[in-house]
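Engineer: Just so it is clear, I am handing over my_file15.csv, which has CSV, C-alpha atoms.
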```
chain,number,residue,atom,x,y,z
A,800,MET,CA,30.9,-0.9,8.7
A,801,ILE,CA,31.6,1.5,11.4
A,802,LYS,CA,32.1,5.3,11.5
A,803,VAL,CA,34.5,6.8,14.1
A,804,GLU,CA,33.8,10.4,14.7
A,805,PHE,CA,36.6,12.5,16.2
A,806,VAL,CA,35.9,16.1,17.2
A,807,TYR,CA,38.8,18.5,17.7
A,808,LYS,CA,38.7,22.0,19.1
A,809,THR,CA,41.4,24.6,18.4
A,810,LYS,CA,41.9,28.3,18.3
A,811,THR,CA,41.1,29.4,14.7
A,812,ALA,CA,44.6,31.0,14.5
A,813,ASP,CA,46.1,27.5,15.2
A,814,LEU,CA,43.9,25.7,12.5
A,815,PRO,CA,46.7,25.6,9.9
A,816,GLU,CA,48.9,23.6,12.4
A,817,LEU,CA,46.1,21.2,13.1
A,818,ILE,CA,45.5,20.7,9.4
A,819,GLY,CA,49.2,20.1,9.0
A,820,LYS,CA,49.0,17.3,11.6
A,821,PHE,CA,46.2,15.7,9.7
A,822,GLN,CA,48.2,15.9,6.5
A,823,GLU,CA,51.3,14.4,8.1
A,824,SER,CA,49.2,11.6,9.6
A,825,GLY,CA,47.8,10.7,6.2
A,826,GLU,CA,51.0,11.2,4.0
A,827,ASN,CA,53.9,9.9,6.2
A,828,PRO,CA,54.9,6.5,4.9
A,829,ASP,CA,55.7,5.4,8.5
A,830,PHE,CA,52.0,5.6,9.3
A,831,GLN,CA,50.9,3.2,6.6
A,832,SER,CA,49.5,0.0,8.0
A,833,GLU,CA,47.6,-3.1,6.8
A,834,ALA,CA,44.6,-2.0,8.8
A,835,LYS,CA,43.1,0.8,6.7
A,836,HIS,CA,40.1,3.0,6.7
A,837,LEU,CA,37.6,2.8,3.8
A,838,LYS,CA,36.7,6.5,3.6
A,839,MET,CA,37.3,9.8,5.4
A,840,GLU,CA,35.3,13.0,5.7
A,841,MET,CA,36.2,16.2,7.4
A,842,SER,CA,34.0,19.2,8.3
A,843,ARG,CA,34.4,22.3,10.4
A,844,ARG,CA,32.3,24.7,12.5
A,845,ASP,CA,33.6,28.1,13.7
A,846,GLU,CA,32.4,29.8,16.9
A,847,GLU,CA,34.1,33.2,17.4
A,848,ASP,CA,37.8,32.5,17.6
A,849,VAL,CA,37.5,28.7,18.0
A,850,THR,CA,37.2,26.1,15.3
A,851,PHE,CA,35.8,22.6,15.7
A,852,ILE,CA,36.9,20.0,13.2
A,853,VAL,CA,34.9,16.8,12.8
A,854,LEU,CA,36.8,13.9,11.3
A,855,ASP,CA,34.7,10.9,10.3
A,856,ILE,CA,36.7,7.8,9.5
A,857,TYR,CA,34.9,4.7,8.2
A,858,TYR,CA,36.3,1.2,8.8
A,859,ALA,CA,35.1,-2.2,7.7
A,860,ASP,CA,34.6,-3.3,11.3
A,861,SER,CA,35.6,-2.6,14.9
A,862,GLU,CA,38.5,-5.1,14.7
A,863,THR,CA,40.1,-3.1,11.8
A,864,PHE,CA,39.7,0.1,13.8
A,865,GLU,CA,41.3,-1.4,16.9
A,866,GLN,CA,44.2,-2.8,14.9
A,867,ARG,CA,44.8,0.7,13.3
A,868,THR,CA,44.6,2.4,16.8
A,869,GLU,CA,47.1,-0.1,18.2
A,870,PHE,CA,49.4,0.5,15.3
A,871,GLU,CA,49.2,4.3,15.7
A,872,LEU,CA,49.8,4.3,19.4
A,873,ASN,CA,53.0,2.2,18.9
A,874,GLN,CA,54.5,4.9,16.6
A,875,PRO,CA,56.6,7.4,18.6
A,876,ARG,CA,56.1,10.1,16.0
A,877,TRP,CA,52.3,9.6,16.0
A,878,ARG,CA,52.3,10.0,19.8
A,879,GLU,CA,54.4,13.1,19.5
A,880,ILE,CA,52.1,14.7,16.9
A,881,TRP,CA,48.8,14.0,18.7
A,882,PHE,CA,49.7,13.6,22.4
A,883,GLY,CA,52.9,15.7,22.9
A,884,GLU,CA,53.0,18.3,25.6
A,885,HIS,CA,53.3,21.0,22.9
A,886,ASN,CA,49.9,20.1,21.5
A,887,LYS,CA,47.6,23.1,21.2
A,888,HIS,CA,44.5,21.2,20.1
A,889,GLU,CA,41.9,19.4,22.2
A,890,GLN,CA,40.2,16.1,21.2
A,891,VAL,CA,36.7,16.8,22.4
A,892,SER,CA,35.3,13.4,21.7
A,893,ARG,CA,35.6,10.1,19.9
A,894,LEU,CA,32.3,8.3,19.1
A,895,ILE,CA,31.9,5.0,17.3
A,896,TYR,CA,28.7,4.3,15.2
A,897,ASP,CA,27.5,1.3,13.3
A,898,VAL,CA,26.6,2.4,9.8
A,899,LEU,CA,23.2,1.3,8.8
```
Represent the structure from my file as structure tokens, please.
Structural biologist:
Amino acid sequence: MIKVEFVYKTKTADLPELIGKFQESGENPDFQSEAKHLKMEMSRRDEEDVTFIVLDIYYADSETFEQRTEFELNQPRWREIWFGEHNKHEQVSRLIYDVL
């Protein structure tokens, strides 16, 4: 099993918009694929007027994660949500861990 840790940074005032992006990504039927995660956890840290969101997504293996990533990047709406020029949120890092 692997854990993929995504860290996002946003102004605290823009946090509801970022949470909305997570919700649409999880609930939109267009984003459902055969490659699925096993578990997801989210946490936050606030520093003055900035909020960091850590999204941990667990997959059975790297192949499943790669299939899911390829699926997402082939969805125009997904690219618009996460990579559009109107995006106010920064993906600070993406790290992949083997779960022991």
Engineer: Just checking: using only C-alpha atoms, which residue out of A:Ile895, A:Pro875, A:Lys835, A:Asn827 ends up closest to Phe805 (chain A)?
Structural biologist: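 Distance minimum relative to Phe805 (chain A) lands on A:Ile895.
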Engineer: With a distance cut-off of 10 Å and all atoms listed in the file, select the neighbouring residues of Lys810 (chain A), excluding the residue or stretch itself and same-chain residues fewer than 2 positions from it, and output the selection as a VMD selection string.
Structural biologist: chain A and resid 808 812 to 814 817 845 to 851 887 to 889
Engineer: Can you pull out every residue within 12 Å of Leu899 (chain A), counting all atoms listed in the file, but drop anything in the same chain fewer than 4 positions away, and send it as a PDB file with C-alpha atoms, keeping the file's coordinate frame?
Structural biologist:
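Listed below is the output, part-v4.pdb:
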```pdb
ATOM      1  CA  MET A 800      30.900  -0.900   8.700  1.00  0.00           C
ATOM      2  CA  ILE A 801      31.600   1.500  11.400  1.00  0.00           C
ATOM      3  CA  LYS A 802      32.100   5.300  11.500  1.00  0.00           C
TER       4      LYS A 802
END
```
Engineer: In the coordinate frame of the file, compute which residues have an atom within 10 Å of (47.0, -1.9, 8.9) when using all atoms listed in the file, and state them as a PDB file with C-alpha atoms, keeping the file's coordinate frame.
Structural biologist:
```
ATOM      1  CA  PHE A 830      52.000   5.600   9.300  1.00  0.00           C
ATOM      2  CA  GLN A 831      50.900   3.200   6.600  1.00  0.00           C
ATOM      3  CA  SER A 832      49.500   0.000   8.000  1.00  0.00           C
ATOM      4  CA  GLU A 833      47.600  -3.100   6.800  1.00  0.00           C
ATOM      5  CA  ALA A 834      44.600  -2.000   8.800  1.00  0.00           C
ATOM      6  CA  LYS A 835      43.100   0.800   6.700  1.00  0.00           C
ATOM      7  CA  HIS A 836      40.100   3.000   6.700  1.00  0.00           C
ATOM      8  CA  THR A 863      40.100  -3.100  11.800  1.00  0.00           C
ATOM      9  CA  PHE A 864      39.700   0.100  13.800  1.00  0.00           C
ATOM     10  CA  GLU A 865      41.300  -1.400  16.900  1.00  0.00           C
ATOM     11  CA  GLN A 866      44.200  -2.800  14.900  1.00  0.00           C
ATOM     12  CA  ARG A 867      44.800   0.700  13.300  1.00  0.00           C
ATOM     13  CA  THR A 868      44.600   2.400  16.800  1.00  0.00           C
ATOM     14  CA  GLU A 869      47.100  -0.100  18.200  1.00  0.00           C
ATOM     15  CA  PHE A 870      49.400   0.500  15.300  1.00  0.00           C
ATOM     16  CA  GLU A 871      49.200   4.300  15.700  1.00  0.00           C
TER      17      GLU A 871
END
```
Engineer: What does the structure give for the distance between CA of Ser824 (chain A) and CA of Ser861 (chain A), in Å to one decimal?
Structural biologist: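 It comes out at 20.4 Å.
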Engineer: At what distance in Å, to one decimal, does CA of Val898 (chain A) lie from CA of Ile880 (chain A)?
Structural biologist: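 If I compute the distance from CA of Ile880 (chain A) to CA of Val898 (chain A), I get 29.2 Å.
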Engineer: Suppose you want the space between CA of Tyr807 (chain A) and CA of Arg876 (chain A); what is it in Å?
Structural biologist: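 That distance, rounded to one decimal, is 19.3 Å.
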Engineer: List as a list in words the residues having at least one atom at most 12 Å from position (31.5, 19.4, 8.0) as given in the file, counting all atoms listed in the file.
Structural biologist: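 Taken together, the residues in range are Glu804, Phe805, Val806, Met839, Glu840, Met841, Ser842, Arg843, Arg844, Asp845, Thr850, Phe851, Ile852, Val853, Leu854 and Asp855 of chain A.
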